[in-house]
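Q: Dropping in start.txt, which is compact mmCIF, C-alpha atoms:
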# COMPACT_ATOMS: atom_id res chain seq x y z
CA MET A 1 99.91 64.70 176.68
CA LYS A 2 99.66 62.27 173.75
CA PRO A 3 102.94 61.96 171.81
CA HIS A 4 101.47 63.16 168.47
CA ILE A 5 100.05 66.29 170.08
CA PHE A 6 103.43 66.98 171.65
CA ILE A 7 105.20 66.54 168.28
CA THR A 8 102.73 68.83 166.51
CA LEU A 9 103.06 71.42 169.27
CA LEU A 10 106.84 71.24 169.11
CA ILE A 11 106.86 71.83 165.33
CA SER A 12 104.49 74.73 165.79
CA ILE A 13 106.58 76.26 168.59
CA ILE A 14 109.78 75.96 166.60
CA THR A 15 108.40 77.42 163.41
CA THR A 16 105.72 79.88 164.41
CA GLY A 17 107.90 81.63 166.87
CA CYS A 18 105.59 80.90 169.81
CA ALA A 19 108.69 80.70 171.94
CA PHE A 20 109.58 84.27 171.23
CA GLY A 21 106.28 86.02 170.64
CA PRO A 22 104.05 86.56 167.62
CA THR A 23 104.61 84.78 164.30
CA PRO A 24 107.26 86.64 162.27
CA LYS A 25 105.61 88.11 159.18
CA ASN A 26 108.76 88.90 157.22
CA ALA A 27 112.49 88.16 157.14
CA LYS A 28 113.31 91.20 159.28
CA GLU A 29 110.95 90.07 162.04
CA TYR A 30 112.26 86.49 161.76
CA ARG A 31 115.88 87.63 162.11
CA ALA A 32 114.98 89.73 165.14
CA ALA A 33 113.09 86.84 166.74
CA ILE A 34 115.98 84.42 166.23
CA LEU A 35 118.56 86.94 167.50
CA GLU A 36 116.51 87.39 170.67
CA GLY A 37 117.45 83.78 171.39
CA GLY A 38 115.20 81.51 173.36
CA PHE A 39 113.96 77.97 172.97
CA GLY A 40 114.24 76.46 169.53
CA THR A 41 116.23 79.26 167.91
CA ASN A 42 119.57 79.01 166.17
CA TYR A 43 121.92 81.70 164.91
CA GLU A 44 125.15 80.76 163.20
CA SER A 45 127.69 82.99 161.51
CA TYR A 46 130.64 81.71 159.50
CA VAL A 47 133.00 82.76 156.76
CA VAL A 48 133.74 80.70 153.65
CA LYS A 49 136.88 81.05 151.57
CA GLN A 50 134.97 81.56 148.35
CA PRO A 51 134.36 84.81 146.47
CA TYR A 52 130.97 86.42 147.02
CA TRP A 53 129.98 86.19 143.34
CA LYS A 54 130.61 82.44 143.30
CA VAL A 55 128.66 81.78 146.50
CA VAL A 56 125.73 83.86 145.28
CA LYS A 57 125.77 82.24 141.83
CA THR A 58 125.79 78.72 143.29
CA VAL A 59 123.17 79.27 146.01
CA LYS A 60 120.88 81.16 143.62
CA ALA A 61 121.17 78.43 140.98
CA LYS A 62 120.53 75.67 143.51
CA SER A 63 117.79 77.22 145.61
CA LYS A 64 114.92 76.91 143.13
CA PRO A 65 115.45 73.34 141.82
CA CYS A 66 116.59 71.96 145.18
CA LEU A 67 114.39 73.76 147.67
CA ASP A 68 111.14 74.51 145.88
CA LYS A 69 109.68 71.15 146.89
CA LYS A 70 106.58 69.65 148.37
CA ILE A 71 107.41 66.95 150.90
CA GLU A 72 104.84 64.50 152.18
CA THR A 73 105.38 62.34 155.24
CA THR A 74 103.08 59.59 156.44
CA THR A 75 103.22 58.16 159.92
CA CYS A 76 100.86 55.36 160.82
CA GLY A 77 99.99 53.55 164.02
CA GLY A 78 101.92 53.97 167.23
CA ALA A 79 101.35 57.43 168.59
CA TYR A 80 98.54 57.96 166.09
CA GLY A 81 96.43 55.17 167.58
CA GLY A 82 96.16 53.09 164.40
CA SER A 83 95.34 55.96 162.05
CA CYS A 84 97.77 57.66 159.70
CA ASN A 85 98.91 61.24 159.84
CA ILE A 86 99.88 62.75 156.49
CA LYS A 87 101.87 65.94 156.76
CA THR A 88 102.85 68.07 153.81
CA PHE A 89 105.63 70.62 153.83
CA ASP A 90 105.48 73.00 150.88
CA TYR A 91 108.86 74.77 150.69
CA ASN A 92 109.00 78.23 149.15
CA PRO A 93 112.51 79.61 148.67
CA ARG A 94 113.22 83.18 147.59
CA PHE A 95 116.63 84.53 146.68
CA ILE A 96 117.27 88.25 146.74
CA LYS A 97 120.50 89.15 144.99
CA GLY A 98 122.48 92.27 145.84
CA LYS A 99 125.90 93.69 144.98
CA LYS A 100 127.39 93.24 148.44
CA LYS A 101 124.64 91.41 150.30
CA SER A 102 122.19 88.74 149.22
CA GLU A 103 119.50 86.88 151.11
CA LEU A 104 117.86 83.49 150.97
CA HIS A 105 114.44 83.25 152.59
CA VAL A 106 112.79 79.86 152.98
CA GLN A 107 109.17 79.58 154.04
CA VAL A 108 107.13 76.41 154.53
CA ILE A 109 103.38 75.89 154.33
CA MET A 110 102.57 72.98 156.62
CA THR A 111 99.39 70.95 156.57
CA SER A 112 98.47 67.89 158.59
CA SER A 113 95.66 65.39 158.05
CA LEU A 114 95.27 65.12 161.83
CA SER A 115 95.01 68.78 162.58
CA ILE A 116 94.65 69.90 166.15
CA GLY A 117 93.86 73.44 165.08
CA SER A 118 96.14 76.36 164.51
CA ILE A 119 98.48 77.72 167.13
CA GLY A 120 99.50 81.34 167.21
CA ASP A 121 98.38 83.98 164.77
CA GLU A 122 97.95 83.76 160.99
CA PRO A 123 101.12 82.62 159.18
CA PRO A 124 102.48 84.60 156.20
CA LYS A 125 101.06 83.78 152.74
CA ASP A 126 104.09 81.73 151.62
CA GLY A 127 104.30 79.90 154.93
CA LEU A 128 106.25 80.08 158.14
CA TYR A 129 109.87 81.16 157.98
CA VAL A 130 112.27 78.25 158.57
CA ALA A 131 115.46 79.93 157.38
CA VAL A 132 116.72 83.41 156.61
CA ILE A 133 120.30 83.30 155.40
CA ASP A 134 122.39 86.38 154.62
CA PHE A 135 125.44 86.36 152.34
CA ILE A 136 127.79 89.29 152.86
CA LYS A 137 130.79 90.15 150.69
CA GLN A 138 134.07 90.17 152.64
CA GLY A 139 136.89 91.33 150.44
CA LYS A 140 137.81 89.54 147.22
CA ASN A 141 137.78 85.90 148.22
CA LYS A 142 135.65 85.55 151.31
CA THR A 143 131.95 85.57 152.08
CA LYS A 144 130.30 85.87 155.48
CA ILE A 145 127.15 83.83 156.00
CA ASN A 146 124.62 84.51 158.76
CA VAL A 147 122.09 81.75 159.32
CA HIS A 148 118.83 82.30 161.20
CA SER A 149 116.91 79.06 161.67
CA PRO A 150 115.26 76.74 164.19
CA SER A 151 117.65 74.65 166.28
CA MET A 152 115.57 71.48 165.99
CA GLY A 153 114.17 70.31 162.69
CA PHE A 154 114.46 72.11 159.34
CA THR A 155 118.22 71.69 159.38
CA ALA A 156 118.45 70.44 155.78
CA VAL A 157 118.45 73.93 154.24
CA PRO A 158 121.25 75.46 156.40
CA LYS A 159 123.34 72.32 155.86
CA ALA A 160 122.84 72.40 152.08
CA VAL A 161 123.69 76.11 151.94
CA LYS A 162 126.93 75.46 153.83
CA HIS A 163 127.90 72.77 151.32
CA TRP A 164 126.98 74.94 148.31
CA ALA A 165 128.83 77.96 149.67
CA ASN A 166 131.97 75.89 150.34
CA GLN A 167 131.50 74.00 147.03
CA THR A 168 131.85 70.74 148.97
CA ASN A 169 128.60 69.13 147.80
CA LEU A 170 126.47 70.44 144.96
CA GLY A 171 123.64 67.99 145.44
CA CYS A 172 120.14 68.68 146.71
CA PRO A 173 118.96 67.89 150.25
CA ASP A 174 117.21 64.57 150.65
CA PHE A 175 114.23 65.79 152.65
CA SER A 176 113.15 62.21 153.37
CA ASP A 177 116.26 61.98 155.55
CA GLY A 178 115.22 64.96 157.64
CA LEU A 179 113.45 68.24 156.96
CA MET B 1 105.37 15.73 157.74
CA LYS B 2 105.61 18.83 159.85
CA THR B 3 108.84 19.86 158.11
CA LYS B 4 107.25 19.42 154.67
CA LEU B 5 104.21 21.50 155.67
CA LEU B 6 106.45 24.19 157.10
CA GLY B 7 108.42 24.22 153.85
CA TYR B 8 105.25 24.67 151.77
CA LEU B 9 104.03 27.42 154.07
CA MET B 10 107.37 29.23 153.81
CA LEU B 11 107.30 28.94 150.01
CA ILE B 12 103.72 30.31 149.85
CA GLY B 13 104.71 33.12 152.18
CA LEU B 14 107.74 34.02 150.12
CA LEU B 15 105.80 33.94 146.85
CA ALA B 16 103.00 36.05 148.31
CA GLY B 17 105.42 38.55 149.75
CA CYS B 18 107.39 38.86 146.54
CA SER B 19 104.48 38.89 144.11
CA SER B 20 104.47 42.67 143.77
CA ILE B 21 108.25 42.91 143.33
CA VAL B 22 109.25 43.09 139.69
CA HIS B 23 112.90 42.73 138.77
CA TYR B 24 113.79 44.38 135.48
CA PRO B 25 114.89 41.63 133.06
CA ASN B 26 117.85 43.78 131.97
CA THR B 27 118.35 41.78 128.79
CA ALA B 28 118.72 44.67 126.32
CA PRO B 29 122.28 45.61 125.31
CA LYS B 30 123.82 47.53 128.21
CA ASN B 31 123.77 51.16 127.15
CA VAL B 32 123.43 52.85 130.55
CA THR B 33 126.10 52.92 133.24
CA ILE B 34 125.06 54.08 136.68
CA ASN B 35 128.00 55.15 138.81
CA MET B 36 126.83 55.25 142.39
CA SER B 37 128.73 56.45 145.44
CA THR B 38 127.44 56.98 148.95
CA ASP B 39 128.35 57.32 152.60
CA LYS B 40 125.12 55.57 153.65
CA THR B 41 125.48 52.05 154.93
CA SER B 42 123.12 49.60 156.53
CA GLY B 43 123.50 49.15 160.27
CA LEU B 44 122.39 46.62 162.83
CA PHE B 45 118.79 47.88 162.88
CA THR B 46 118.70 49.94 159.73
CA SER B 47 118.96 49.16 156.05
CA VAL B 48 119.68 51.33 153.05
CA GLU B 49 118.88 50.16 149.55
CA PHE B 50 119.49 51.88 146.24
CA SER B 51 117.63 50.83 143.12
CA ALA B 52 116.86 51.98 139.61
CA GLY B 53 113.25 51.79 138.46
CA ILE B 54 112.51 51.55 134.75
CA ASN B 55 109.21 52.87 133.44
CA ASN B 56 108.32 52.98 129.76
CA LEU B 57 106.23 55.98 128.86
CA LYS B 58 103.00 55.51 126.96
CA LYS B 59 101.72 58.02 124.41
CA ASP B 60 99.40 59.55 127.01
CA CYS B 61 102.38 59.99 129.35
CA THR B 62 101.25 57.30 131.77
CA THR B 63 103.94 54.88 132.87
CA ASP B 64 104.34 51.19 132.18
CA TYR B 65 106.50 49.92 135.04
CA LYS B 66 109.07 47.42 133.80
CA GLY B 67 110.76 46.67 137.09
CA PHE B 68 113.79 47.65 139.09
CA VAL B 69 117.46 46.84 139.32
CA ASP B 70 119.32 46.81 142.64
CA LEU B 71 122.21 49.24 142.66
CA LYS B 72 125.49 48.74 144.44
CA ALA B 73 128.18 51.31 145.13
CA GLY B 74 130.36 51.52 142.06
CA THR B 75 129.45 50.71 138.48
CA ASN B 76 126.06 49.27 137.53
CA LYS B 77 125.09 48.51 133.95
CA ILE B 78 121.56 48.40 132.58
CA GLY B 79 120.09 48.06 129.14
CA LEU B 80 117.31 50.36 128.00
CA LYS B 81 115.55 49.85 124.69
CA THR B 82 116.59 52.44 122.13
CA GLY B 83 113.88 54.75 120.83
CA VAL B 84 111.57 54.03 123.73
CA PRO B 85 110.73 57.02 125.95
CA THR B 86 111.65 55.92 129.45
CA PHE B 87 111.35 57.44 132.90
CA LEU B 88 114.41 56.29 134.82
CA VAL B 89 114.05 56.61 138.58
CA LEU B 90 116.77 56.16 141.16
CA GLU B 91 115.36 55.33 144.56
CA ILE B 92 116.89 55.42 148.01
CA LYS B 93 115.01 53.38 150.58
CA GLN B 94 115.94 53.64 154.23
CA ASP B 95 114.33 51.28 156.69
CA GLY B 96 114.81 51.46 160.43
CA PHE B 97 112.72 51.00 163.54
CA ASN B 98 109.53 50.38 161.54
CA ASN B 99 110.00 53.65 159.70
CA VAL B 100 110.47 53.43 155.95
CA ARG B 101 111.65 56.51 154.08
CA THR B 102 112.09 56.68 150.35
CA SER B 103 113.25 59.42 148.06
CA GLN B 104 113.44 59.38 144.31
CA GLN B 105 115.31 61.19 141.58
CA GLY B 106 114.12 60.66 138.05
CA THR B 107 114.57 61.80 134.51
CA LEU B 108 112.99 61.21 131.14
CA ILE B 109 115.30 59.63 128.60
CA LYS B 110 114.82 58.34 125.05
CA PRO B 111 117.94 56.27 124.40
CA LYS B 112 119.38 56.78 120.93
CA LYS B 113 120.92 54.07 118.82
CA GLY B 114 124.71 54.41 118.93
CA SER B 115 124.69 56.41 122.17
CA LYS B 116 125.69 55.32 125.63
CA TYR B 117 124.57 57.01 128.82
CA GLU B 118 126.26 57.60 132.12
CA VAL B 119 124.27 58.37 135.24
CA VAL B 120 126.20 59.73 138.20
CA MET B 121 124.49 59.34 141.53
CA LYS B 122 126.24 60.68 144.63
CA TYR B 123 124.61 60.48 148.04
CA PHE B 124 126.65 62.09 150.78
CA ASP B 125 125.62 63.80 154.01
CA SER B 126 121.94 63.32 153.10
CA MET B 127 122.37 65.25 149.87
CA VAL B 128 121.72 63.82 146.43
CA ASP B 129 123.69 64.74 143.35
CA PHE B 130 122.12 63.19 140.28
CA ARG B 131 123.45 63.83 136.76
CA ILE B 132 123.12 62.19 133.38
CA TYR B 133 125.47 62.33 130.39
CA GLU B 134 125.18 61.11 126.82
CA ILE B 135 128.31 59.59 125.31
CA ARG B 136 128.33 59.58 121.53
CA LYS B 137 131.42 59.09 119.39
CA SER B 138 133.56 59.49 122.54
CA LYS B 139 132.03 62.91 123.26
CA ARG B 140 130.41 63.32 126.67
CA LYS B 141 127.47 65.72 126.84
CA LYS B 142 125.58 66.64 130.01
CA LEU B 143 121.84 66.13 129.62
CA LYS B 144 119.16 68.10 131.40
CA ILE B 145 117.30 66.30 134.19
CA THR B 146 113.77 66.19 132.81
CA PRO B 147 110.90 65.51 135.21
CA ILE B 148 107.98 63.33 134.15
CA THR B 149 105.75 66.40 134.15
CA ALA B 150 107.61 67.56 131.03
CA CYS B 151 106.10 64.67 129.03
CA LYS B 152 103.58 65.86 126.45
CA PRO B 153 100.80 63.43 125.41
CA VAL B 154 100.94 62.51 121.71
What is this structure when it is put down as C-alpha cells?
A:
Amino acid sequence: MKPHIFITLLISIITTGCAFGPTPKNAKEYRAAILEGGFGTNYESYVVKQPYWKVVKTVKAKSKPCLDKKIETTTCGGAYGGSCNIKTFDYNPRFIKGKKKSELHVQVIMTSSLSIGSIGDEPPKDGLYVAVIDFIKQGKNKTKINVHSPSMGFTAVPKAVKHWANQTNLGCPDFSDGL
Amino acid sequence: MKTKLLGYLMLIGLLAGCSSIVHYPNTAPKNVTINMSTDKTSGLFTSVEFSAGINNLKKDCTTDYKGFVDLKAGTNKIGLKTGVPTFLVLEIKQDGFNNVRTSQQGTLIKPKKGSKYEVVMKYFDSMVDFRIYEIRKSKRKKLKITPITACKPV
C-alpha cells in the first residue's frame, strides 16, 4: 500500500468511526462509539479544581475564536510522487451550555486535493466528530470533564480544553503544530 | 582562480536566495514593544523562528508588505509609522525534516501619535496567546485583536 493511501485511510478510520461501525451522526452516537473502545478511540475523564461556572465561561468564550478555523496543509513530493496534496480541515465547534452539564462538540469537514474517494457512509453536515467533551458540575469548586476523541491525531482540542479548564494556558491551539 | 570563482558563485547564490527576503528597516521611532516568551527551541534537525511582519494597508484593503523583523525571546522593539493603518503579523516558522510549518497571528493597528503599544506573544505547549495593549499617559488598555477581514475599503 502506498504511504499516502495508508495515511488517508488512517485519518478516515480514526474520524469516521470505521473501526467501530457506521459513522456517528450525532454526539450521542459518537460518545457511544468511543465508549465501545476499539482501535483509534480515546476516552478520558478528569476533575479540575475550578468552579463549573468558570470552566464553562472560559471554554465557551474560547471555543469560537480558537476552534472555528479552517486549516490547510500542503505536502509535496515524497509519498505523493512529486505532486502536492492539499488537505483542508474546516473545524466547527458548538458549545451547549447547561446549568449542571455543558457540552462541547467539535466537527471537522475534511477535503483533500488527492482524493481516493469516500470511505464509510455520508458524514454529518458539519463534518465528522473529532471531539465531544462534557463538563459536569461537581460541588462548588470542582468540575468533571469527560473527553471523547480519537487517540491519534486531533489531539489539539482536548489539550486546549484541559488548559482552559485548569486556567493554565488561555491561548489558542496552533493547529500547524498538530491537528 | 578557482577560489575566486567559488567566491563569486557563493555570492550570486546568496543574493539569489535572499532576494525575496525583505527586512523591515525599523527606522521609525520605536512605539511597539513585542514581549515574546516560548518553550519552543531549535534542535539538532529542527529550527523554530519567530518574526513580525509589517504590512501597510492600502485604501482598498490590500497590503503593502514592508518587511519583517526577527523576534527573540524577551523584549523586541519596532517602530510603526503613526496614522498609517498597519496589519501586524507574528509568524512562527518551524522547519524540520523537510517539513516547513508556519502559523500566523495578526491584528490591524493604526498607531496613534503619543501612544505606545505592547504586544504580548506567548507560545507554550503548542498554544498561542496573542494580546495587544495601548499605553497612553501611563494607562494600559487592552485592544481587540482585529483580523484583516475587518478592513473596510475607503
Q: Would you list the contacts of Thr46 of chain B as a ChimeraX atom specification, taking every protein, DNA or RNA residue within 10 Å and counting all atoms listed in the file, but skipping same-chain residues closer than 6 positions in sequence?
A: /B:94-100
Q: Using only C-alpha atoms, which residue out of A:Lys162, A:Lys99, A:Lys49, A:Lys25 lies closest to Lys140 of chain A?
A: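 Closest candidate: A:Lys49.
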Q: Excluding Thr73 of chain A and its own-chain neighbours fewer than 6 positions away, which residues fall within 12 Å of it when counting all atoms listed in the file? Please give them as a PyMOL selection string.
A: (chain A and resi 84-90+110-113+175-179) or (chain B and resi 99-103)
Q: Find the spatial neighbours of Val89 of chain B, counting only C-alpha atoms, within a cut-off of 6 Å - ignore same-chain residues fewer than 3 positions away - and output them as a list in words.
A: Ala52, Gly53, Gln105 and Gly106 of chain B
Q: Show me, as a list of chain:residue names, the residues that have an atom within 8 Å of Gly127 of chain A when counting all atoms listed in the file, minus same-chain residues fewer than 4 positions from it.
A: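 My list of contacting residues is A:Asn92, A:Gln107, A:Val108, A:Ile109, A:Met110, A:Pro123.
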Q: Might you pull out every residue within 12 Å of Lys139 of chain B, with only C-alpha atoms counted and same-chain residues fewer than 4 positions away left off, and present them as a PyMOL selection string?
A: chain B and resi 115-118+133-135
Q: From the options B:Leu80, B:Met121, B:Pro153, B:Asn56, which residue's atoms come nearest to chain A, counting all atoms listed in the file?
A: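 The closest residue to chain A is B:Met121.
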Q: Pick the closest to chain B from A:Ser83, A:Thr74, A:Ser151, A:Asn166: which is it, counting only C-alpha atoms?
A: A:Thr74
Q: With chain B as the partner and 10 Å as the cut-off, tabulate the residues of chain A that qualify, each row holding the nearest pair of atoms and their distance in Å to one decimal, using all atoms listed in the file, sorted by chain and rising number, as CSV.
A:
residue,atom,partner,partner_atom,distance
A:Cys66,CA,B:Val128,CA,9.7
A:Ile71,CA,B:Ser103,CA,9.9
A:Thr73,CA,B:Arg101,CA,8.6
A:Thr74,CA,B:Arg101,CA,9.4
A:Thr75,CA,B:Asn99,CA,8.1
A:Cys76,CA,B:Asn99,CA,9.4
A:Ala156,CA,B:Ser126,CA,8.4
A:Lys159,CA,B:Asp125,CA,9.0
A:Ala160,CA,B:Met127,CA,7.5
A:His163,CA,B:Met127,CA,9.4
A:Asn169,CA,B:Met127,CA,7.6
A:Leu170,CA,B:Asp129,CA,6.5
A:Gly171,CA,B:Asp129,CA,3.9
A:Cys172,CA,B:Val128,CA,5.1
A:Pro173,CA,B:Met127,CA,4.3
A:Asp174,CA,B:Met127,CA,5.3
A:Phe175,CA,B:Ser103,CA,7.9
A:Ser176,CA,B:Arg101,CA,5.9
A:Asp177,CA,B:Ser126,CA,6.3
A:Gly178,CA,B:Ser126,CA,8.3
Q: What is the distance between atom CA of Val48 of chain A and atom CA of Leu35 of chain A, in Å to one decimal?
A: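 So the two atoms, atom CA of Val48 of chain A and atom CA of Leu35 of chain A, lie 21.5 Å apart.
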Q: Suppose you want the space between atom CA of Gly74 of chain B and atom CA of Met36 of chain B; what is it in Å?
A: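 Value for the atom CA of Gly74 of chain B-atom CA of Met36 of chain B distance: 5.1 Å.
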Q: Rounded to one decimal in Å, what is the spacing between atom CA of Ile54 of chain B and atom CA of Val69 of chain B?
A: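 It comes out at 8.2 Å.
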Q: Considering only C-alpha atoms, can you say which of B:Ile21, B:Thr107, B:Asn26, B:Leu44 comes closest to Leu90 of chain B?
A: B:Thr107
Q: Could you give me, as a ChimeraX atom specification, the residues that sit within 9 Å of (102.1, 83.9, 157.7) in the file's coordinates, counting all atoms listed in the file?
A: /A:16,23-26,109,121-129
Q: When distances are computed from all atoms listed in the file, which of A:Ala165, A:Ala32, A:Leu67, A:Ala131 shows the smallest separation from Thr143 of chain A?
A: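 The closest residue to Thr143 of chain A is A:Ala165.
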Q: May I have the protein, DNA and RNA residues with any atom at most 12 Å from the point (111.7, 58.7, 132.8), counting only C-alpha atoms, written as JSON, numbers by chain?
A: {"B": [52, 53, 54, 55, 56, 57, 58, 61, 62, 63, 64, 65, 66, 80, 84, 85, 86, 87, 88, 89, 90, 104, 105, 106, 107, 108, 109, 110, 111, 132, 145, 146, 147, 148, 149, 150, 151]}
Q: Quick one: of B:Lys77, B:Lys59, B:His23, B:Arg136, who's nearest to Lys113 of chain B, counting only C-alpha atoms?
A: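 Smallest separation from Lys113 of chain B among the options: B:Arg136.
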Q: Only N, CA, C and O atoms, as a PDB file, in the first residue's frame: that is what I want for segment 137-152 of chain B.
A:
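This went into decode-v3.pdb:
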ATOM      1  N   LYS B 137      -0.527  57.881  28.236  1.00  0.00           N
ATOM      2  CA  LYS B 137      -0.468  58.619  29.506  1.00  0.00           C
ATOM      3  C   LYS B 137      -0.436  57.642  30.688  1.00  0.00           C
ATOM      4  O   LYS B 137      -1.253  57.725  31.604  1.00  0.00           O
ATOM      5  N   SER B 138       0.432  56.678  30.601  1.00  0.00           N
ATOM      6  CA  SER B 138       0.666  55.612  31.592  1.00  0.00           C
ATOM      7  C   SER B 138      -0.570  54.754  31.914  1.00  0.00           C
ATOM      8  O   SER B 138      -0.609  54.055  32.916  1.00  0.00           O
ATOM      9  N   LYS B 139      -1.583  54.824  31.043  1.00  0.00           N
ATOM     10  CA  LYS B 139      -2.740  53.930  31.191  1.00  0.00           C
ATOM     11  C   LYS B 139      -2.633  52.817  30.151  1.00  0.00           C
ATOM     12  O   LYS B 139      -2.350  53.083  28.979  1.00  0.00           O
ATOM     13  N   ARG B 140      -2.852  51.587  30.590  1.00  0.00           N
ATOM     14  CA  ARG B 140      -2.704  50.431  29.705  1.00  0.00           C
ATOM     15  C   ARG B 140      -4.088  49.880  29.368  1.00  0.00           C
ATOM     16  O   ARG B 140      -4.831  49.452  30.251  1.00  0.00           O
ATOM     17  N   LYS B 141      -4.423  49.909  28.086  1.00  0.00           N
ATOM     18  CA  LYS B 141      -5.751  49.465  27.659  1.00  0.00           C
ATOM     19  C   LYS B 141      -5.623  48.287  26.696  1.00  0.00           C
ATOM     20  O   LYS B 141      -4.840  48.353  25.737  1.00  0.00           O
ATOM     21  N   LYS B 142      -6.382  47.234  26.958  1.00  0.00           N
ATOM     22  CA  LYS B 142      -6.325  46.057  26.076  1.00  0.00           C
ATOM     23  C   LYS B 142      -7.088  46.353  24.785  1.00  0.00           C
ATOM     24  O   LYS B 142      -8.223  46.834  24.832  1.00  0.00           O
ATOM     25  N   LEU B 143      -6.461  46.104  23.653  1.00  0.00           N
ATOM     26  CA  LEU B 143      -7.119  46.331  22.370  1.00  0.00           C
ATOM     27  C   LEU B 143      -7.646  45.008  21.817  1.00  0.00           C
ATOM     28  O   LEU B 143      -7.092  43.946  22.103  1.00  0.00           O
ATOM     29  N   LYS B 144      -8.676  45.124  21.009  1.00  0.00           N
ATOM     30  CA  LYS B 144      -9.267  43.931  20.405  1.00  0.00           C
ATOM     31  C   LYS B 144      -8.359  43.453  19.269  1.00  0.00           C
ATOM     32  O   LYS B 144      -7.826  44.281  18.514  1.00  0.00           O
ATOM     33  N   ILE B 145      -8.183  42.148  19.159  1.00  0.00           N
ATOM     34  CA  ILE B 145      -7.448  41.597  18.006  1.00  0.00           C
ATOM     35  C   ILE B 145      -8.382  41.725  16.802  1.00  0.00           C
ATOM     36  O   ILE B 145      -9.487  41.188  16.804  1.00  0.00           O
ATOM     37  N   THR B 146      -7.928  42.479  15.807  1.00  0.00           N
ATOM     38  CA  THR B 146      -8.798  42.742  14.655  1.00  0.00           C
ATOM     39  C   THR B 146      -8.229  42.071  13.414  1.00  0.00           C
ATOM     40  O   THR B 146      -7.137  42.413  12.953  1.00  0.00           O
ATOM     41  N   PRO B 147      -8.946  41.104  12.845  1.00  0.00           N
ATOM     42  CA  PRO B 147      -8.422  40.429  11.653  1.00  0.00           C
ATOM     43  C   PRO B 147      -8.465  41.351  10.432  1.00  0.00           C
ATOM     44  O   PRO B 147      -9.208  42.345  10.414  1.00  0.00           O
ATOM     45  N   ILE B 148      -7.700  40.999   9.432  1.00  0.00           N
ATOM     46  CA  ILE B 148      -7.609  41.839   8.229  1.00  0.00           C
ATOM     47  C   ILE B 148      -8.970  41.920   7.512  1.00  0.00           C
ATOM     48  O   ILE B 148      -9.262  42.886   6.822  1.00  0.00           O
ATOM     49  N   THR B 149      -9.788  40.917   7.718  1.00  0.00           N
ATOM     50  CA  THR B 149     -11.105  40.894   7.068  1.00  0.00           C
ATOM     51  C   THR B 149     -12.013  42.020   7.591  1.00  0.00           C
ATOM     52  O   THR B 149     -13.010  42.350   6.970  1.00  0.00           O
ATOM     53  N   ALA B 150     -11.615  42.621   8.718  1.00  0.00           N
ATOM     54  CA  ALA B 150     -12.417  43.715   9.277  1.00  0.00           C
ATOM     55  C   ALA B 150     -12.154  45.026   8.549  1.00  0.00           C
ATOM     56  O   ALA B 150     -12.883  46.003   8.745  1.00  0.00           O
ATOM     57  N   CYS B 151     -11.115  45.071   7.708  1.00  0.00           N
ATOM     58  CA  CYS B 151     -10.774  46.306   6.979  1.00  0.00           C
ATOM     59  C   CYS B 151     -11.868  46.630   5.970  1.00  0.00           C
ATOM     60  O   CYS B 151     -12.333  45.760   5.228  1.00  0.00           O
ATOM     61  N   LYS B 152     -12.284  47.881   5.970  1.00  0.00           N
ATOM     62  CA  LYS B 152     -13.325  48.324   5.016  1.00  0.00           C
ATOM     63  C   LYS B 152     -12.682  49.241   3.968  1.00  0.00           C
ATOM     64  O   LYS B 152     -12.057  50.241   4.350  1.00  0.00           O
TER      65      LYS B 152
END
